[in-house]
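As stored in run.pdb (PDB, C-alpha atoms, pLDDT in the B column):
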ATOM      1  CA  MET A   1      68.643  79.448  94.032  1.00 74.00           C
ATOM      2  CA  LEU A   2      68.004  80.218  97.702  1.00 86.00           C
ATOM      3  CA  THR A   3      66.032  83.340  98.581  1.00 85.00           C
ATOM      4  CA  ILE A   4      64.887  85.161 101.688  1.00 87.00           C
ATOM      5  CA  ASN A   5      61.320  83.968 102.074  1.00 83.00           C
ATOM      6  CA  PRO A   6      60.532  83.868 105.809  1.00 78.00           C
ATOM      7  CA  GLY A   7      58.862  80.690 106.911  1.00 81.00           C
ATOM      8  CA  GLN A   8      59.340  78.897 103.591  1.00 92.00           C
ATOM      9  CA  ILE A   9      61.462  75.757 103.672  1.00 95.00           C
ATOM     10  CA  GLN A  10      63.619  75.555 100.559  1.00 96.00           C
ATOM     11  CA  SER A  11      65.427  72.498  99.276  1.00 95.00           C
ATOM     12  CA  ILE A  12      69.216  72.707  99.114  1.00 96.00           C
ATOM     13  CA  ASP A  13      69.720  69.165  97.844  1.00 96.00           C
ATOM     14  CA  ASP A  14      68.370  65.686  98.477  1.00 97.00           C
ATOM     15  CA  ARG A  15      69.768  65.674 102.030  1.00 98.00           C
ATOM     16  CA  ARG A  16      69.269  69.230 103.287  1.00 98.00           C
ATOM     17  CA  ASP A  17      66.677  71.995 103.482  1.00 97.00           C
ATOM     18  CA  ALA A  18      66.992  75.621 104.549  1.00 97.00           C
ATOM     19  CA  VAL A  19      64.920  78.442 105.980  1.00 97.00           C
ATOM     20  CA  ILE A  20      66.447  81.914 105.636  1.00 97.00           C
ATOM     21  CA  LEU A  21      65.213  84.861 107.694  1.00 96.00           C
ATOM     22  CA  SER A  22      66.198  88.493 107.252  1.00 96.00           C
ATOM     23  CA  THR A  23      67.687  89.112 110.704  1.00 96.00           C
ATOM     24  CA  MET A  24      69.149  87.146 113.591  1.00 96.00           C
ATOM     25  CA  GLU A  25      66.172  88.105 115.735  1.00 96.00           C
ATOM     26  CA  GLU A  26      63.722  86.745 113.158  1.00 97.00           C
ATOM     27  CA  ALA A  27      65.795  83.576 112.745  1.00 97.00           C
ATOM     28  CA  THR A  28      65.860  83.042 116.507  1.00 97.00           C
ATOM     29  CA  ARG A  29      62.100  83.412 116.784  1.00 97.00           C
ATOM     30  CA  TYR A  30      61.562  81.041 113.867  1.00 97.00           C
ATOM     31  CA  ALA A  31      63.893  78.523 115.543  1.00 98.00           C
ATOM     32  CA  VAL A  32      61.909  78.721 118.774  1.00 98.00           C
ATOM     33  CA  GLU A  33      58.568  78.350 117.010  1.00 97.00           C
ATOM     34  CA  HIS A  34      59.904  75.391 115.025  1.00 97.00           C
ATOM     35  CA  TRP A  35      61.172  73.811 118.288  1.00 98.00           C
ATOM     36  CA  VAL A  36      57.726  74.190 119.844  1.00 98.00           C
ATOM     37  CA  ARG A  37      55.930  72.785 116.773  1.00 98.00           C
ATOM     38  CA  LEU A  38      58.272  69.807 116.685  1.00 98.00           C
ATOM     39  CA  ALA A  39      57.867  69.185 120.408  1.00 98.00           C
ATOM     40  CA  LYS A  40      54.068  69.212 120.205  1.00 98.00           C
ATOM     41  CA  ALA A  41      54.040  66.937 117.153  1.00 98.00           C
ATOM     42  CA  SER A  42      56.484  64.474 118.729  1.00 98.00           C
ATOM     43  CA  ILE A  43      54.497  64.316 121.953  1.00 98.00           C
ATOM     44  CA  ALA A  44      51.295  63.728 119.979  1.00 98.00           C
ATOM     45  CA  GLU A  45      52.862  61.001 117.818  1.00 96.00           C
ATOM     46  CA  ARG A  46      55.327  59.296 120.167  1.00 95.00           C
ATOM     47  CA  GLY A  47      54.321  60.445 123.626  1.00 96.00           C
ATOM     48  CA  ARG A  48      57.598  62.245 124.248  1.00 97.00           C
ATOM     49  CA  PHE A  49      59.986  64.887 122.931  1.00 98.00           C
ATOM     50  CA  ALA A  50      63.630  63.883 123.235  1.00 98.00           C
ATOM     51  CA  VAL A  51      66.055  66.632 122.241  1.00 98.00           C
ATOM     52  CA  ALA A  52      69.843  66.693 122.101  1.00 98.00           C
ATOM     53  CA  LEU A  53      70.846  70.246 122.963  1.00 98.00           C
ATOM     54  CA  SER A  54      73.695  72.093 121.295  1.00 96.00           C
ATOM     55  CA  GLY A  55      76.544  73.952 122.927  1.00 88.00           C
ATOM     56  CA  GLY A  56      78.093  77.196 121.730  1.00 81.00           C
ATOM     57  CA  SER A  57      76.756  80.736 121.953  1.00 83.00           C
ATOM     58  CA  THR A  58      74.113  80.642 119.193  1.00 87.00           C
ATOM     59  CA  PRO A  59      71.514  78.505 121.038  1.00 93.00           C
ATOM     60  CA  ASN A  60      71.526  80.665 124.175  1.00 95.00           C
ATOM     61  CA  ALA A  61      68.927  83.081 122.812  1.00 95.00           C
ATOM     62  CA  ILE A  62      66.805  80.124 121.709  1.00 97.00           C
ATOM     63  CA  TYR A  63      66.926  78.595 125.195  1.00 97.00           C
ATOM     64  CA  LYS A  64      66.072  81.906 126.842  1.00 96.00           C
ATOM     65  CA  MET A  65      63.056  82.472 124.586  1.00 97.00           C
ATOM     66  CA  LEU A  66      61.819  78.886 125.011  1.00 97.00           C
ATOM     67  CA  ALA A  67      61.840  79.322 128.789  1.00 97.00           C
ATOM     68  CA  SER A  68      59.821  82.557 128.616  1.00 97.00           C
ATOM     69  CA  PRO A  69      56.111  83.173 127.983  1.00 96.00           C
ATOM     70  CA  PRO A  70      54.319  82.578 125.741  1.00 97.00           C
ATOM     71  CA  TYR A  71      56.487  79.691 124.501  1.00 97.00           C
ATOM     72  CA  SER A  72      57.115  78.151 127.905  1.00 97.00           C
ATOM     73  CA  HIS A  73      53.358  77.607 128.278  1.00 97.00           C
ATOM     74  CA  LYS A  74      52.916  75.841 124.928  1.00 97.00           C
ATOM     75  CA  ILE A  75      54.740  72.590 125.761  1.00 97.00           C
ATOM     76  CA  ASP A  76      53.922  69.729 128.125  1.00 98.00           C
ATOM     77  CA  TRP A  77      57.313  69.756 129.848  1.00 98.00           C
ATOM     78  CA  SER A  78      56.548  66.535 131.723  1.00 98.00           C
ATOM     79  CA  LYS A  79      57.083  64.716 128.419  1.00 98.00           C
ATOM     80  CA  VAL A  80      60.347  66.447 127.448  1.00 98.00           C
ATOM     81  CA  PHE A  81      63.709  64.700 127.823  1.00 98.00           C
ATOM     82  CA  LEU A  82      66.917  66.705 127.611  1.00 98.00           C
ATOM     83  CA  PHE A  83      70.130  65.196 126.267  1.00 98.00           C
ATOM     84  CA  TRP A  84      73.206  66.879 124.784  1.00 98.00           C
ATOM     85  CA  SER A  85      74.868  66.556 121.384  1.00 98.00           C
ATOM     86  CA  ASP A  86      78.345  67.019 122.853  1.00 98.00           C
ATOM     87  CA  GLU A  87      80.245  68.091 125.929  1.00 97.00           C
ATOM     88  CA  ARG A  88      83.657  69.380 126.900  1.00 95.00           C
ATOM     89  CA  SER A  89      85.827  67.652 129.492  1.00 95.00           C
ATOM     90  CA  VAL A  90      84.875  70.050 132.281  1.00 95.00           C
ATOM     91  CA  SER A  91      82.785  69.913 135.439  1.00 96.00           C
ATOM     92  CA  PRO A  92      79.077  70.753 135.162  1.00 96.00           C
ATOM     93  CA  ASP A  93      79.590  74.076 136.949  1.00 96.00           C
ATOM     94  CA  HIS A  94      82.425  75.186 134.665  1.00 96.00           C
ATOM     95  CA  PRO A  95      81.705  78.223 132.427  1.00 94.00           C
ATOM     96  CA  ASP A  96      82.598  76.126 129.336  1.00 94.00           C
ATOM     97  CA  SER A  97      80.128  73.357 130.170  1.00 96.00           C
ATOM     98  CA  ASN A  98      77.417  72.918 127.532  1.00 97.00           C
ATOM     99  CA  TYR A  99      75.184  71.514 130.267  1.00 97.00           C
ATOM    100  CA  ARG A 100      75.650  74.610 132.435  1.00 97.00           C
ATOM    101  CA  THR A 101      75.059  76.949 129.494  1.00 96.00           C
ATOM    102  CA  ALA A 102      71.764  75.338 128.512  1.00 97.00           C
ATOM    103  CA  MET A 103      70.495  75.172 132.086  1.00 97.00           C
ATOM    104  CA  THR A 104      71.432  78.709 133.080  1.00 96.00           C
ATOM    105  CA  HIS A 105      70.072  80.229 129.879  1.00 96.00           C
ATOM    106  CA  GLY A 106      66.647  78.709 130.260  1.00 95.00           C
ATOM    107  CA  PHE A 107      66.017  75.102 131.182  1.00 97.00           C
ATOM    108  CA  SER A 108      66.642  75.485 134.927  1.00 96.00           C
ATOM    109  CA  HIS A 109      63.562  77.747 135.016  1.00 95.00           C
ATOM    110  CA  LEU A 110      61.233  75.113 133.570  1.00 97.00           C
ATOM    111  CA  PRO A 111      59.273  72.353 135.370  1.00 97.00           C
ATOM    112  CA  LEU A 112      61.699  69.532 134.581  1.00 98.00           C
ATOM    113  CA  PHE A 113      62.546  66.736 137.013  1.00 97.00           C
ATOM    114  CA  PRO A 114      66.081  65.296 137.320  1.00 97.00           C
ATOM    115  CA  ALA A 115      64.906  62.072 135.645  1.00 97.00           C
ATOM    116  CA  GLN A 116      64.179  64.088 132.489  1.00 98.00           C
ATOM    117  CA  ILE A 117      67.710  65.536 132.239  1.00 98.00           C
ATOM    118  CA  PHE A 118      70.585  63.440 130.908  1.00 98.00           C
ATOM    119  CA  ARG A 119      73.863  65.284 131.342  1.00 98.00           C
ATOM    120  CA  MET A 120      76.958  64.095 129.473  1.00 98.00           C
ATOM    121  CA  GLU A 121      79.488  63.334 132.225  1.00 97.00           C
ATOM    122  CA  ALA A 122      82.622  64.120 130.239  1.00 96.00           C
ATOM    123  CA  GLU A 123      84.790  65.492 133.015  1.00 95.00           C
ATOM    124  CA  LYS A 124      86.587  62.162 133.560  1.00 91.00           C
ATOM    125  CA  GLU A 125      86.902  58.719 131.946  1.00 95.00           C
ATOM    126  CA  ILE A 126      85.250  60.024 128.796  1.00 97.00           C
ATOM    127  CA  ALA A 127      85.339  56.735 126.890  1.00 97.00           C
ATOM    128  CA  ARG A 128      83.605  54.841 129.700  1.00 97.00           C
ATOM    129  CA  SER A 129      81.156  57.681 130.261  1.00 97.00           C
ATOM    130  CA  ALA A 130      80.334  57.691 126.538  1.00 98.00           C
ATOM    131  CA  GLU A 131      79.398  54.011 126.749  1.00 98.00           C
ATOM    132  CA  LYS A 132      77.140  54.750 129.712  1.00 98.00           C
ATOM    133  CA  TYR A 133      75.533  57.654 127.859  1.00 98.00           C
ATOM    134  CA  GLU A 134      74.818  55.506 124.844  1.00 98.00           C
ATOM    135  CA  SER A 135      73.256  52.887 127.127  1.00 98.00           C
ATOM    136  CA  ALA A 136      71.024  55.575 128.636  1.00 97.00           C
ATOM    137  CA  ILE A 137      69.899  56.640 125.160  1.00 98.00           C
ATOM    138  CA  ARG A 138      69.129  53.059 124.159  1.00 96.00           C
ATOM    139  CA  LYS A 139      67.225  52.391 127.380  1.00 96.00           C
ATOM    140  CA  THR A 140      65.260  55.635 127.383  1.00 96.00           C
ATOM    141  CA  LEU A 141      64.618  56.204 123.679  1.00 95.00           C
ATOM    142  CA  GLY A 142      65.203  52.923 121.908  1.00 91.00           C
ATOM    143  CA  PRO A 143      66.080  52.718 118.198  1.00 89.00           C
ATOM    144  CA  THR A 144      64.004  55.780 117.278  1.00 88.00           C
ATOM    145  CA  LEU A 145      66.682  57.974 118.881  1.00 95.00           C
ATOM    146  CA  PHE A 146      66.077  61.730 119.125  1.00 98.00           C
ATOM    147  CA  ASP A 147      63.121  63.749 117.957  1.00 98.00           C
ATOM    148  CA  LEU A 148      65.480  66.696 117.490  1.00 98.00           C
ATOM    149  CA  VAL A 149      69.257  67.063 117.427  1.00 98.00           C
ATOM    150  CA  MET A 150      70.278  70.708 117.728  1.00 98.00           C
ATOM    151  CA  LEU A 151      73.529  71.563 115.958  1.00 98.00           C
ATOM    152  CA  GLY A 152      75.832  74.493 115.475  1.00 97.00           C
ATOM    153  CA  LEU A 153      78.444  75.089 112.796  1.00 97.00           C
ATOM    154  CA  GLY A 154      82.047  75.917 113.601  1.00 96.00           C
ATOM    155  CA  GLU A 155      84.144  78.031 111.276  1.00 95.00           C
ATOM    156  CA  ASP A 156      86.273  74.922 110.632  1.00 96.00           C
ATOM    157  CA  GLY A 157      83.179  72.989 109.559  1.00 97.00           C
ATOM    158  CA  HIS A 158      82.766  70.985 112.753  1.00 97.00           C
ATOM    159  CA  THR A 159      79.429  70.262 114.342  1.00 97.00           C
ATOM    160  CA  ALA A 160      78.747  68.797 117.796  1.00 97.00           C
ATOM    161  CA  SER A 161      82.325  67.720 118.678  1.00 97.00           C
ATOM    162  CA  LEU A 162      82.905  66.136 115.280  1.00 97.00           C
ATOM    163  CA  PHE A 163      86.045  68.041 114.332  1.00 97.00           C
ATOM    164  CA  PRO A 164      88.034  67.654 111.104  1.00 97.00           C
ATOM    165  CA  ASN A 165      90.548  64.801 111.060  1.00 95.00           C
ATOM    166  CA  THR A 166      89.363  63.222 114.319  1.00 96.00           C
ATOM    167  CA  THR A 167      88.633  59.561 114.991  1.00 96.00           C
ATOM    168  CA  ALA A 168      84.915  60.048 115.702  1.00 97.00           C
ATOM    169  CA  LEU A 169      84.361  60.699 111.997  1.00 97.00           C
ATOM    170  CA  GLN A 170      85.211  57.068 111.260  1.00 96.00           C
ATOM    171  CA  GLU A 171      82.589  55.656 113.633  1.00 97.00           C
ATOM    172  CA  ASN A 172      79.871  53.656 111.888  1.00 96.00           C
ATOM    173  CA  ASP A 173      78.133  51.802 114.724  1.00 95.00           C
ATOM    174  CA  ARG A 174      78.325  53.672 118.024  1.00 97.00           C
ATOM    175  CA  TRP A 175      75.932  56.477 118.939  1.00 98.00           C
ATOM    176  CA  VAL A 176      78.192  58.235 121.460  1.00 98.00           C
ATOM    177  CA  VAL A 177      82.002  58.289 121.593  1.00 98.00           C
ATOM    178  CA  ALA A 178      84.940  60.023 123.187  1.00 97.00           C
ATOM    179  CA  ASN A 179      86.782  62.185 120.680  1.00 96.00           C
ATOM    180  CA  ASP A 180      90.271  63.567 121.153  1.00 94.00           C
ATOM    181  CA  VAL A 181      90.557  67.044 119.618  1.00 93.00           C
ATOM    182  CA  PRO A 182      94.263  67.967 119.366  1.00 87.00           C
ATOM    183  CA  GLU A 183      93.574  71.507 118.152  1.00 84.00           C
ATOM    184  CA  LYS A 184      91.585  72.156 121.330  1.00 78.00           C
ATOM    185  CA  LYS A 185      94.073  70.193 123.474  1.00 79.00           C
ATOM    186  CA  SER A 186      91.177  68.374 125.071  1.00 85.00           C
ATOM    187  CA  GLY A 187      88.891  65.383 124.897  1.00 92.00           C
ATOM    188  CA  ARG A 188      85.214  65.675 124.096  1.00 96.00           C
ATOM    189  CA  MET A 189      82.141  63.484 124.229  1.00 98.00           C
ATOM    190  CA  THR A 190      79.967  63.615 121.128  1.00 98.00           C
ATOM    191  CA  LEU A 191      77.060  62.063 119.327  1.00 98.00           C
ATOM    192  CA  THR A 192      78.231  60.329 116.171  1.00 98.00           C
ATOM    193  CA  ILE A 193      77.211  60.916 112.578  1.00 98.00           C
ATOM    194  CA  PRO A 194      75.119  57.677 112.490  1.00 98.00           C
ATOM    195  CA  CYS A 195      73.290  58.734 115.655  1.00 98.00           C
ATOM    196  CA  ILE A 196      72.477  62.184 114.301  1.00 98.00           C
ATOM    197  CA  ASN A 197      71.471  60.930 110.863  1.00 98.00           C
ATOM    198  CA  GLN A 198      69.199  58.200 112.261  1.00 97.00           C
ATOM    199  CA  SER A 199      67.317  60.640 114.514  1.00 97.00           C
ATOM    200  CA  TRP A 200      63.995  62.093 113.399  1.00 97.00           C
ATOM    201  CA  GLN A 201      65.245  65.618 112.801  1.00 97.00           C
ATOM    202  CA  SER A 202      68.583  67.441 112.881  1.00 98.00           C
ATOM    203  CA  VAL A 203      68.658  71.229 112.741  1.00 98.00           C
ATOM    204  CA  PHE A 204      71.600  73.576 112.203  1.00 98.00           C
ATOM    205  CA  TYR A 205      71.291  77.075 113.679  1.00 98.00           C
ATOM    206  CA  VAL A 206      73.651  79.287 111.675  1.00 98.00           C
ATOM    207  CA  PHE A 207      73.541  83.011 112.376  1.00 97.00           C
ATOM    208  CA  GLY A 208      75.869  85.921 111.636  1.00 97.00           C
ATOM    209  CA  ALA A 209      78.214  87.092 108.891  1.00 97.00           C
ATOM    210  CA  ALA A 210      81.157  85.182 110.352  1.00 97.00           C
ATOM    211  CA  LYS A 211      79.488  81.937 109.246  1.00 97.00           C
ATOM    212  CA  GLN A 212      78.760  82.840 105.608  1.00 97.00           C
ATOM    213  CA  THR A 213      81.936  81.332 104.122  1.00 98.00           C
ATOM    214  CA  ILE A 214      81.822  78.042 105.991  1.00 98.00           C
ATOM    215  CA  ALA A 215      78.052  77.720 105.457  1.00 98.00           C
ATOM    216  CA  HIS A 216      78.579  78.104 101.716  1.00 97.00           C
ATOM    217  CA  ASN A 217      81.469  75.617 101.717  1.00 97.00           C
ATOM    218  CA  VAL A 218      79.554  72.973 103.664  1.00 98.00           C
ATOM    219  CA  LEU A 219      76.313  73.300 101.710  1.00 97.00           C
ATOM    220  CA  ARG A 220      78.048  73.200  98.339  1.00 96.00           C
ATOM    221  CA  ALA A 221      80.435  70.363  99.232  1.00 96.00           C
ATOM    222  CA  PRO A 222      79.888  66.645  98.549  1.00 95.00           C
ATOM    223  CA  ARG A 223      78.858  64.520 101.503  1.00 96.00           C
ATOM    224  CA  ILE A 224      82.454  63.512 102.243  1.00 96.00           C
ATOM    225  CA  SER A 225      84.498  66.691 102.444  1.00 97.00           C
ATOM    226  CA  PRO A 226      87.040  68.400 104.716  1.00 97.00           C
ATOM    227  CA  TRP A 227      84.083  69.723 106.735  1.00 98.00           C
ATOM    228  CA  PRO A 228      82.375  67.165 109.013  1.00 98.00           C
ATOM    229  CA  ALA A 229      79.048  69.041 108.953  1.00 98.00           C
ATOM    230  CA  SER A 230      78.669  68.093 105.284  1.00 98.00           C
ATOM    231  CA  GLN A 231      77.928  64.511 106.360  1.00 98.00           C
ATOM    232  CA  ILE A 232      74.775  65.430 108.282  1.00 98.00           C
ATOM    233  CA  GLY A 233      71.465  64.752 106.558  1.00 98.00           C
ATOM    234  CA  THR A 234      70.149  61.841 104.494  1.00 98.00           C
ATOM    235  CA  PRO A 235      67.437  61.492 101.845  1.00 97.00           C
ATOM    236  CA  GLU A 236      65.289  59.732 104.455  1.00 97.00           C
ATOM    237  CA  ARG A 237      66.014  62.232 107.259  1.00 97.00           C
ATOM    238  CA  LYS A 238      66.902  65.590 105.772  1.00 98.00           C
ATOM    239  CA  SER A 239      68.628  68.128 107.983  1.00 98.00           C
ATOM    240  CA  LEU A 240      67.182  71.627 108.258  1.00 98.00           C
ATOM    241  CA  TRP A 241      69.364  74.734 108.241  1.00 98.00           C
ATOM    242  CA  ILE A 242      67.824  77.777 109.946  1.00 98.00           C
ATOM    243  CA  MET A 243      69.869  80.803 108.888  1.00 97.00           C
ATOM    244  CA  ASP A 244      69.781  84.557 108.904  1.00 97.00           C
ATOM    245  CA  ALA A 245      70.587  86.562 105.793  1.00 97.00           C
ATOM    246  CA  ALA A 246      74.079  87.424 107.035  1.00 97.00           C
ATOM    247  CA  ALA A 247      75.061  83.767 107.374  1.00 97.00           C
ATOM    248  CA  ALA A 248      73.440  82.902 104.049  1.00 97.00           C
ATOM    249  CA  ALA A 249      74.894  85.876 102.162  1.00 96.00           C
ATOM    250  CA  SER A 250      77.242  83.860  99.924  1.00 95.00           C
ATOM    251  CA  LEU A 251      74.454  81.422  99.087  1.00 95.00           C
ATOM    252  CA  LEU A 252      72.017  84.228  98.332  1.00 94.00           C
ATOM    253  CA  ARG A 253      74.459  85.830  95.900  1.00 92.00           C
ATOM    254  CA  GLU A 254      74.627  82.718  93.738  1.00 88.00           C
ATOM    255  CA  GLN A 255      72.937  82.951  90.354  1.00 51.00           C
TER     256      GLN A 255
END

Can you dump the structure from the file as C-alpha cells?
Amino acid sequence: MLTINPGQIQSIDDRRDAVILSTMEEATRYAVEHWVRLAKASIAERGRFAVALSGGSTPNAIYKMLASPPYSHKIDWSKVFLFWSDERSVSPDHPDSNYRTAMTHGFSHLPLFPAQIFRMEAEKEIARSAEKYESAIRKTLGPTLFDLVMLGLGEDGHTASLFPNTTALQENDRWVVANDVPEKKSGRMTLTIPCINQSWQSVFYVFGAAKQTIAHNVLRAPRISPWPASQIGTPERKSLWIMDAAAAASLLREQ
C-alpha cells in the first residue's frame, strides 16, 4: 500500500517506484532536488548529464526553480546536454513548442552554449528530422542514451507523444520516430518506448487531482494496456513516479 512519506521511494511493482508528497509545491521541490542529485551523480560517473526534457505545463515550475538560486548554482552546466522527449509540429517560437516552453521557463537563463542544446526540429519533414535527431543522440551519447528522461502523463494515458493506438507504439528498434496523432490532427516527433526504457532513468511528474484516475489506471494495469505510459519502466531500469497527494488519491485509498 502506498503512503504519503515525503522523500521515501516506495515500490509499486518490479518496474516502477513512487514518491508521494503532500502538496504540489512539495512535489515540485522534491522533483528539482532529485534532478540536481541525478545531474551531479551522472557528471561524477559519466562526465555528463544528458536529459530529455518534457513538454506540457507540469514541468514549467520545475524548470523555473532549477534556473533559480540556490539550485542553479549546484550544477556544472558546462556538462549538461539538453534534448527533448517529444515535440509538436510547430516552429520553435510558437507558443505550443516544447522547446520554447522549456527555454522561456528557465533554461535560457542558464550558462548553456548552443552546442549543448539539441532541439527537435519537428516543424517540417518530421520523419527525416527524426532520423537526424536519432543520429545526433547516437553520436553525442552513444548506447548509454539519456541520464534522465522527463515524462508527463496525459489523461488518455499518453506520455511523450506516445498516444493510444498510434504507430510509434509498435516501434522496437528506433529511438526517435515521427508519430501521426489523428486525435490532435497533427504529427509529432517522439522518443520511443525502447529509447526511454534503455535510458538510465525515466521519471513521471504527475501532479493534481485531474490525474488521479489515469494515474491509478496506468499503475494498476499490466505492461501492455490501453494506456501507453504503462509500458515505461523495466526491472533493470525502473521508472520513478513523483506525485502529489491529489494525483495519488485513488492509490492512497487502496487497502

re CA of Tyr63 in chain A and CA of Tyr205 in chain A: distance 12.4 Å

Please provide the set of residues having any atom within 12 Å of range 173-180 of chain A, restricted to only C-alpha atoms, with same-chain residues fewer than 6 positions apart removed, written as a PyMOL selection string.
chain A and resi 52+83-89+120-138+142-143+145-146+160-167+186-199

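Using only C-alpha atoms for every distance, the candidate list A:Asp147, A:Asp96, A:Glu26, A:Asp17 yields A:Asp147 as the residue closest to Phe81 in chain A.
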
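Residues lying within 6 Å of Lys64 in chain A, counting all atoms listed in the file and ignoring same-chain neighbours fewer than 2 positions away, are Ala61, Ile62, Leu66, Ala67, His105 and Gly106 of chain A.
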
Please expand the PyMOL selection byres ((chain A and resi 3) around 9) into the concrete residues it hits in this file, giving the result as a list in words.
Met1, Leu2, Ile4, Asn5, Gln10, Val19, Ile20, Leu251 and Leu252 of chain A
